[in-house]
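Text of protein_11.csv, listed as CSV, N, CA and C atoms:
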```
chain,number,residue,atom,x,y,z
A,1,MET,N,40.2,50.3,-10.9
A,1,MET,CA,40.9,49.3,-10.2
A,1,MET,C,40.6,47.9,-10.9
A,2,ILE,N,41.4,47.0,-10.5
A,2,ILE,CA,41.3,45.6,-11.1
A,2,ILE,C,40.3,44.9,-10.2
A,3,ASP,N,39.3,44.2,-10.9
A,3,ASP,CA,38.4,43.4,-10.1
A,3,ASP,C,38.9,42.0,-10.0
A,4,ILE,N,39.3,41.6,-8.7
A,4,ILE,CA,39.9,40.2,-8.5
A,4,ILE,C,38.9,39.3,-7.8
A,5,GLY,N,37.6,39.7,-7.8
A,5,GLY,CA,36.6,38.8,-7.2
A,5,GLY,C,36.0,39.5,-5.9
A,6,SER,N,35.3,38.7,-5.2
A,6,SER,CA,34.6,39.2,-4.0
A,6,SER,C,34.6,38.1,-3.0
A,7,THR,N,34.5,38.6,-1.7
A,7,THR,CA,34.4,37.7,-0.6
A,7,THR,C,33.3,38.3,0.4
A,8,ASN,N,32.5,37.5,0.9
A,8,ASN,CA,31.5,38.0,1.8
A,8,ASN,C,31.9,37.5,3.2
A,9,PHE,N,31.9,38.5,4.2
A,9,PHE,CA,32.1,38.2,5.6
A,9,PHE,C,30.9,38.6,6.4
A,10,LEU,N,30.6,37.8,7.4
A,10,LEU,CA,29.5,38.1,8.3
A,10,LEU,C,30.1,38.5,9.6
A,11,ILE,N,30.1,39.8,9.9
A,11,ILE,CA,30.6,40.4,11.1
A,11,ILE,C,29.4,40.9,11.9
A,12,LYS,N,29.2,40.4,13.1
A,12,LYS,CA,28.0,40.9,13.9
A,12,LYS,C,28.5,42.0,14.8
A,13,VAL,N,27.9,43.1,14.7
A,13,VAL,CA,28.2,44.3,15.5
A,13,VAL,C,27.0,44.5,16.4
A,14,PRO,N,27.1,44.4,17.7
A,14,PRO,CA,25.9,44.6,18.6
A,14,PRO,C,25.4,46.1,18.4
A,15,GLY,N,24.1,46.2,18.4
A,15,GLY,CA,23.5,47.6,18.3
A,15,GLY,C,23.5,48.1,16.9
A,16,LEU,N,23.9,47.4,15.9
A,16,LEU,CA,23.9,47.9,14.5
A,16,LEU,C,23.3,46.8,13.6
A,17,PRO,N,22.2,47.1,12.9
A,17,PRO,CA,21.6,46.1,12.1
A,17,PRO,C,22.5,45.6,11.0
A,18,GLU,N,22.3,44.4,10.5
A,18,GLU,CA,23.2,43.7,9.6
A,18,GLU,C,23.3,44.5,8.2
A,19,ASP,N,22.1,44.9,7.7
A,19,ASP,CA,22.1,45.6,6.4
A,19,ASP,C,22.7,47.0,6.5
A,20,GLU,N,22.6,47.7,7.6
A,20,GLU,CA,23.2,49.0,7.8
A,20,GLU,C,24.7,48.9,7.9
A,21,PHE,N,25.1,47.8,8.6
A,21,PHE,CA,26.6,47.6,8.7
A,21,PHE,C,27.2,47.3,7.4
A,22,GLU,N,26.4,46.5,6.5
A,22,GLU,CA,26.9,46.2,5.2
A,22,GLU,C,27.0,47.4,4.3
A,23,ARG,N,26.0,48.3,4.4
A,23,ARG,CA,26.1,49.6,3.6
A,23,ARG,C,27.3,50.4,4.1
A,24,TYR,N,27.5,50.5,5.4
A,24,TYR,CA,28.6,51.3,6.0
A,24,TYR,C,29.9,50.8,5.6
A,25,SER,N,30.1,49.4,5.6
A,25,SER,CA,31.4,48.8,5.2
A,25,SER,C,31.7,49.0,3.7
A,26,THR,N,30.6,48.9,2.9
A,26,THR,CA,30.7,49.1,1.5
A,26,THR,C,31.1,50.5,1.2
A,27,LYS,N,30.5,51.4,1.9
A,27,LYS,CA,30.9,52.9,1.7
A,27,LYS,C,32.3,53.1,2.1
A,28,LEU,N,32.8,52.5,3.2
A,28,LEU,CA,34.2,52.7,3.6
A,28,LEU,C,35.1,52.1,2.6
A,29,PHE,N,34.8,50.9,2.0
A,29,PHE,CA,35.7,50.3,1.1
A,29,PHE,C,35.7,51.1,-0.2
A,30,ASP,N,34.6,51.6,-0.7
A,30,ASP,CA,34.5,52.4,-1.9
A,30,ASP,C,35.4,53.7,-1.7
A,31,GLU,N,35.3,54.3,-0.5
A,31,GLU,CA,36.2,55.5,-0.3
A,31,GLU,C,37.6,55.1,-0.3
A,32,TRP,N,38.0,54.0,0.3
A,32,TRP,CA,39.4,53.5,0.3
A,32,TRP,C,39.8,53.2,-1.1
A,33,ASP,N,38.9,52.6,-1.9
A,33,ASP,CA,39.3,52.3,-3.3
A,33,ASP,C,39.6,53.6,-4.1
A,34,ARG,N,38.8,54.6,-3.9
A,34,ARG,CA,39.0,55.9,-4.6
A,34,ARG,C,40.3,56.6,-4.1
A,35,VAL,N,40.6,56.5,-2.8
A,35,VAL,CA,41.8,57.1,-2.3
A,35,VAL,C,43.1,56.4,-2.9
A,36,VAL,N,43.0,55.1,-2.9
A,36,VAL,CA,44.1,54.3,-3.5
A,36,VAL,C,44.3,54.6,-4.9
A,37,GLU,N,43.2,54.7,-5.7
A,37,GLU,CA,43.3,54.9,-7.1
A,37,GLU,C,43.9,56.3,-7.4
A,38,GLN,N,43.5,57.3,-6.6
A,38,GLN,CA,44.1,58.6,-6.7
A,38,GLN,C,45.5,58.7,-6.3
A,39,THR,N,45.9,58.0,-5.2
A,39,THR,CA,47.2,58.0,-4.7
A,39,THR,C,48.2,57.2,-5.6
A,40,LEU,N,47.8,56.1,-6.0
A,40,LEU,CA,48.7,55.2,-6.7
A,40,LEU,C,48.1,55.0,-8.1
A,41,ASP,N,48.7,55.6,-9.0
A,41,ASP,CA,48.3,55.5,-10.4
A,41,ASP,C,49.0,54.2,-11.0
A,42,LEU,N,48.2,53.2,-11.2
A,42,LEU,CA,48.8,51.9,-11.6
A,42,LEU,C,49.3,52.0,-13.0
A,43,ALA,N,48.8,52.8,-13.9
A,43,ALA,CA,49.3,52.9,-15.2
A,43,ALA,C,50.7,53.4,-15.2
A,44,ASP,N,51.0,54.5,-14.4
A,44,ASP,CA,52.3,55.0,-14.3
A,44,ASP,C,53.3,53.9,-13.8
A,45,PHE,N,52.8,53.2,-12.8
A,45,PHE,CA,53.6,52.2,-12.1
A,45,PHE,C,54.0,51.1,-13.1
A,46,ILE,N,53.0,50.7,-13.9
A,46,ILE,CA,53.2,49.6,-14.9
A,46,ILE,C,54.2,50.1,-16.0
A,47,ARG,N,54.0,51.3,-16.4
A,47,ARG,CA,54.9,51.9,-17.4
A,47,ARG,C,56.3,51.9,-16.9
A,48,GLU,N,56.5,52.4,-15.7
A,48,GLU,CA,57.9,52.5,-15.1
A,48,GLU,C,58.5,51.1,-14.9
A,49,LEU,N,57.7,50.1,-14.5
A,49,LEU,CA,58.2,48.8,-14.3
A,49,LEU,C,58.6,48.2,-15.7
A,50,LYS,N,57.8,48.4,-16.7
A,50,LYS,CA,58.1,47.9,-18.1
A,50,LYS,C,59.4,48.5,-18.6
A,51,ARG,N,59.5,49.8,-18.3
A,51,ARG,CA,60.7,50.5,-18.8
A,51,ARG,C,62.0,49.9,-18.1
A,52,GLN,N,61.9,49.7,-16.8
A,52,GLN,CA,63.0,49.1,-16.1
A,52,GLN,C,63.3,47.7,-16.5
A,53,PHE,N,62.3,46.9,-16.8
A,53,PHE,CA,62.6,45.6,-17.4
A,53,PHE,C,63.2,45.6,-18.7
A,54,GLU,N,62.8,46.5,-19.6
A,54,GLU,CA,63.4,46.7,-20.9
A,54,GLU,C,64.8,47.1,-20.9
A,55,ASN,N,65.2,47.9,-19.9
A,55,ASN,CA,66.5,48.5,-19.8
A,55,ASN,C,67.5,47.5,-19.0
A,56,ALA,N,66.9,46.5,-18.4
A,56,ALA,CA,67.7,45.5,-17.7
A,56,ALA,C,68.6,44.7,-18.6
A,57,PRO,N,69.8,44.4,-18.3
A,57,PRO,CA,70.6,43.6,-19.2
A,57,PRO,C,70.1,42.2,-19.3
A,58,LEU,N,70.2,41.6,-20.5
A,58,LEU,CA,69.6,40.3,-20.8
A,58,LEU,C,70.4,39.2,-20.0
A,59,PHE,N,71.8,39.4,-20.0
A,59,PHE,CA,72.6,38.4,-19.3
A,59,PHE,C,73.4,39.2,-18.3
A,60,PRO,N,73.0,39.1,-17.0
A,60,PRO,CA,73.7,39.9,-16.0
A,60,PRO,C,75.2,39.5,-15.9
A,61,LYS,N,76.0,40.5,-15.7
A,61,LYS,CA,77.5,40.2,-15.6
A,61,LYS,C,77.7,39.6,-14.2
A,62,GLN,N,78.5,38.6,-14.1
A,62,GLN,CA,78.8,37.9,-12.9
A,62,GLN,C,79.9,38.8,-12.1
A,63,LEU,N,79.6,39.1,-10.9
A,63,LEU,CA,80.6,39.8,-10.1
A,63,LEU,C,81.8,38.9,-9.7
A,64,SER,N,82.9,39.5,-9.7
A,64,SER,CA,84.1,38.8,-9.3
A,64,SER,C,84.1,38.5,-7.8
A,65,LEU,N,84.5,37.3,-7.5
A,65,LEU,CA,84.5,36.9,-6.1
A,65,LEU,C,85.8,37.3,-5.4
A,66,ILE,N,86.8,37.6,-6.2
A,66,ILE,CA,88.1,38.0,-5.7
A,66,ILE,C,88.3,39.5,-5.7
A,67,ASP,N,88.8,40.0,-4.7
A,67,ASP,CA,89.1,41.4,-4.6
A,67,ASP,C,90.3,41.7,-5.4
A,68,GLU,N,90.0,42.4,-6.6
A,68,GLU,CA,91.1,42.7,-7.5
A,68,GLU,C,92.0,43.8,-7.0
A,69,GLU,N,91.6,44.6,-6.1
A,69,GLU,CA,92.4,45.7,-5.7
A,69,GLU,C,93.4,45.3,-4.6
A,70,ARG,N,93.2,44.1,-4.1
A,70,ARG,CA,94.1,43.6,-3.0
A,70,ARG,C,95.5,43.4,-3.5
A,71,ASP,N,96.5,43.7,-2.7
A,71,ASP,CA,97.9,43.5,-3.1
A,71,ASP,C,98.2,42.0,-3.1
A,72,LYS,N,98.7,41.6,-4.3
A,72,LYS,CA,98.9,40.1,-4.4
A,72,LYS,C,100.2,39.7,-3.7
A,73,SER,N,101.1,40.7,-3.4
A,73,SER,CA,102.3,40.3,-2.7
A,73,SER,C,102.1,39.9,-1.2
A,74,VAL,N,101.0,40.3,-0.7
A,74,VAL,CA,100.6,40.1,0.7
A,74,VAL,C,100.2,38.6,0.8
A,75,GLU,N,99.7,38.0,-0.2
A,75,GLU,CA,99.1,36.7,-0.1
A,75,GLU,C,100.2,35.7,0.3
A,76,LYS,N,99.8,34.8,1.2
A,76,LYS,CA,100.7,33.8,1.6
A,76,LYS,C,100.2,32.5,1.1
A,77,PRO,N,101.1,31.6,0.6
A,77,PRO,CA,100.6,30.3,0.1
A,77,PRO,C,100.1,29.5,1.3
A,78,ILE,N,99.1,28.7,1.0
A,78,ILE,CA,98.4,27.9,2.0
A,78,ILE,C,99.3,26.6,2.2
A,79,GLU,N,99.6,26.4,3.4
A,79,GLU,CA,100.4,25.2,3.7
A,79,GLU,C,99.5,24.0,4.0
A,80,HIS,N,99.8,23.0,3.3
A,80,HIS,CA,99.0,21.7,3.5
A,80,HIS,C,99.8,20.8,4.4
A,81,LYS,N,99.3,20.5,5.5
A,81,LYS,CA,100.0,19.5,6.4
A,81,LYS,C,99.7,18.1,5.9
A,82,LYS,N,100.7,17.3,5.9
A,82,LYS,CA,100.5,15.9,5.5
A,82,LYS,C,99.9,15.2,6.7
A,83,LYS,N,98.8,14.5,6.4
A,83,LYS,CA,98.2,13.7,7.5
A,83,LYS,C,98.8,12.4,7.6
A,84,THR,N,99.2,12.0,8.8
A,84,THR,CA,99.8,10.7,9.0
A,84,THR,C,98.6,9.7,9.1
A,85,PRO,N,98.8,8.5,8.5
A,85,PRO,CA,97.7,7.5,8.6
A,85,PRO,C,97.5,7.0,10.1
A,86,ARG,N,96.3,6.8,10.4
A,86,ARG,CA,96.0,6.3,11.8
A,86,ARG,C,96.3,4.9,11.9
A,87,THR,N,96.8,4.5,13.0
A,87,THR,CA,97.1,3.1,13.2
A,87,THR,C,95.7,2.4,13.5
A,88,PRO,N,95.5,1.2,12.9
A,88,PRO,CA,94.2,0.6,13.1
A,88,PRO,C,94.1,0.1,14.5
A,89,GLN,N,92.8,0.2,15.0
A,89,GLN,CA,92.5,-0.3,16.3
A,89,GLN,C,92.6,-1.8,16.3
A,90,PRO,N,93.2,-2.3,17.4
A,90,PRO,CA,93.2,-3.8,17.5
A,90,PRO,C,91.8,-4.4,17.6
A,91,LYS,N,91.6,-5.5,16.9
A,91,LYS,CA,90.2,-6.1,17.0
A,91,LYS,C,90.1,-6.8,18.3
A,92,PRO,N,89.0,-6.6,19.0
A,92,PRO,CA,88.8,-7.3,20.3
A,92,PRO,C,88.7,-8.8,20.0
A,93,THR,N,89.2,-9.5,21.0
A,93,THR,CA,89.1,-11.0,20.9
A,93,THR,C,87.7,-11.4,21.2
A,94,PRO,N,87.2,-12.3,20.5
A,94,PRO,CA,85.8,-12.7,20.8
A,94,PRO,C,85.6,-13.5,22.1
A,95,ILE,N,84.6,-13.2,22.8
A,95,ILE,CA,84.3,-13.9,24.0
A,95,ILE,C,83.8,-15.3,23.6
A,96,PRO,N,84.1,-16.3,24.4
A,96,PRO,CA,83.8,-17.7,24.0
A,96,PRO,C,82.3,-18.0,23.9
A,97,GLN,N,81.4,-17.1,24.5
A,97,GLN,CA,80.0,-17.3,24.4
A,97,GLN,C,79.4,-16.8,23.1
A,98,HIS,N,80.2,-16.3,22.2
A,98,HIS,CA,79.7,-15.8,20.9
A,98,HIS,C,79.7,-16.9,19.9
A,99,TYR,N,78.7,-16.9,19.1
A,99,TYR,CA,78.5,-17.9,18.1
A,99,TYR,C,78.3,-17.3,16.7
A,100,ARG,N,78.8,-17.9,15.7
A,100,ARG,CA,78.5,-17.5,14.3
A,100,ARG,C,77.5,-18.6,13.8
A,101,ILE,N,76.4,-18.1,13.3
A,101,ILE,CA,75.3,-18.9,12.8
A,101,ILE,C,75.2,-18.7,11.3
A,102,GLU,N,75.4,-19.7,10.5
A,102,GLU,CA,75.4,-19.6,9.0
A,102,GLU,C,74.2,-20.4,8.5
A,103,ILE,N,73.3,-19.7,7.7
A,103,ILE,CA,72.2,-20.4,7.2
A,103,ILE,C,72.2,-20.1,5.7
A,104,TRP,N,72.1,-21.1,4.8
A,104,TRP,CA,72.2,-21.0,3.4
A,104,TRP,C,71.4,-22.0,2.7
A,105,ARG,N,71.1,-21.8,1.4
A,105,ARG,CA,70.5,-22.8,0.6
A,105,ARG,C,70.8,-22.5,-0.8
A,106,GLU,N,70.8,-23.5,-1.6
A,106,GLU,CA,71.2,-23.4,-3.1
A,106,GLU,C,70.1,-22.8,-3.9
A,107,SER,N,68.9,-23.3,-3.6
A,107,SER,CA,67.7,-22.7,-4.3
A,107,SER,C,66.5,-22.7,-3.3
A,108,LYS,N,65.4,-22.1,-3.8
A,108,LYS,CA,64.2,-22.0,-2.9
A,108,LYS,C,63.7,-23.3,-2.4
A,109,LYS,N,63.8,-24.3,-3.3
A,109,LYS,CA,63.2,-25.6,-2.9
A,109,LYS,C,64.1,-26.4,-2.0
A,110,ASP,N,65.4,-26.1,-1.9
A,110,ASP,CA,66.3,-26.9,-1.0
A,110,ASP,C,66.0,-26.5,0.4
A,111,GLN,N,66.5,-27.5,1.3
A,111,GLN,CA,66.4,-27.2,2.7
A,111,GLN,C,67.5,-26.2,3.1
A,112,LYS,N,67.3,-25.6,4.2
A,112,LYS,CA,68.3,-24.7,4.7
A,112,LYS,C,69.2,-25.3,5.7
A,113,PRO,N,70.4,-25.6,5.3
A,113,PRO,CA,71.4,-26.2,6.3
A,113,PRO,C,71.9,-25.1,7.2
A,114,ILE,N,72.1,-25.4,8.4
A,114,ILE,CA,72.5,-24.5,9.5
A,114,ILE,C,73.9,-24.9,10.0
A,115,LYS,N,74.8,-24.0,10.1
A,115,LYS,CA,76.1,-24.3,10.6
A,115,LYS,C,76.4,-23.3,11.8
A,116,ILE,N,76.6,-23.9,13.0
A,116,ILE,CA,76.9,-23.0,14.2
A,116,ILE,C,78.3,-23.2,14.6
A,117,THR,N,79.0,-22.1,14.7
A,117,THR,CA,80.5,-22.1,15.1
A,117,THR,C,80.7,-21.3,16.3
A,118,LYS,N,81.4,-21.9,17.3
A,118,LYS,CA,81.7,-21.1,18.5
A,118,LYS,C,82.9,-20.3,18.2
A,119,LEU,N,82.8,-19.0,18.5
A,119,LEU,CA,84.0,-18.1,18.3
A,119,LEU,C,84.9,-18.0,19.5
```

How would this structure read if it were set down as structure tokens?
Amino acid sequence: MIDIGSTNFLIKVPGLPEDEFERYSTKLFDEWDRVVEQTLDLADFIRELKRQFENAPLFPKQLSLIDEERDKSVEKPIEHKKKTPRTPQPKPTPIPQHYRIEIWRESKKDQKPIKITKL
């Protein structure tokens, strides 16, 4: 099998000493490793995978999005309805308590003149 590293876990099992539990879990893992190695032959798997990749087309053919077997005489043209322009909403008249405040200046050093207009 491939060695991808190791990780240590501390699992406390009441009634079983730590070193005995470690031997037991190592034995179980080794048995599992043998069974997996016998059941799954990685070399055959890699060879099969390589063969399938080599036989795969380099540029896959795009599938048609249109059903070519469909009868073209059945197709109906799409009717486009002309949209009528909406009439603009009338602008509300301003309430006399509204004001327009304009603040401007020609450069950073100039003062800011203020103009207040009642709407």

Practice item. Please measure the separation of atom CA of A:Gly5 and atom CA of A:Glu48, giving the value in Å to one decimal. Key: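 Taking atom CA of A:Gly5 as the start and atom CA of A:Glu48 as the end point, the length is 26.5 Å.
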
A straight line from atom C of A:Ile101 to atom C of A:Leu119 spans 12.7 Å

inquiry  = Please compute the atom CA of A:Ser6-atom CA of A:Tyr24 distance, one decimal, in Å.
reply    =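 Between atom CA of A:Ser6 and atom CA of A:Tyr24 the gap is 16.8 Å.
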
request  = For each of A:Lys118, A:Phe21, A:Thr87, A:Lys112, take the minimum atom-to-atom distance to A:Tyr99, counting only C-alpha atoms, then give the residue where this is smallest.
outcome  =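 Counting only C-alpha atoms, the residue closest to A:Tyr99 is A:Lys118.
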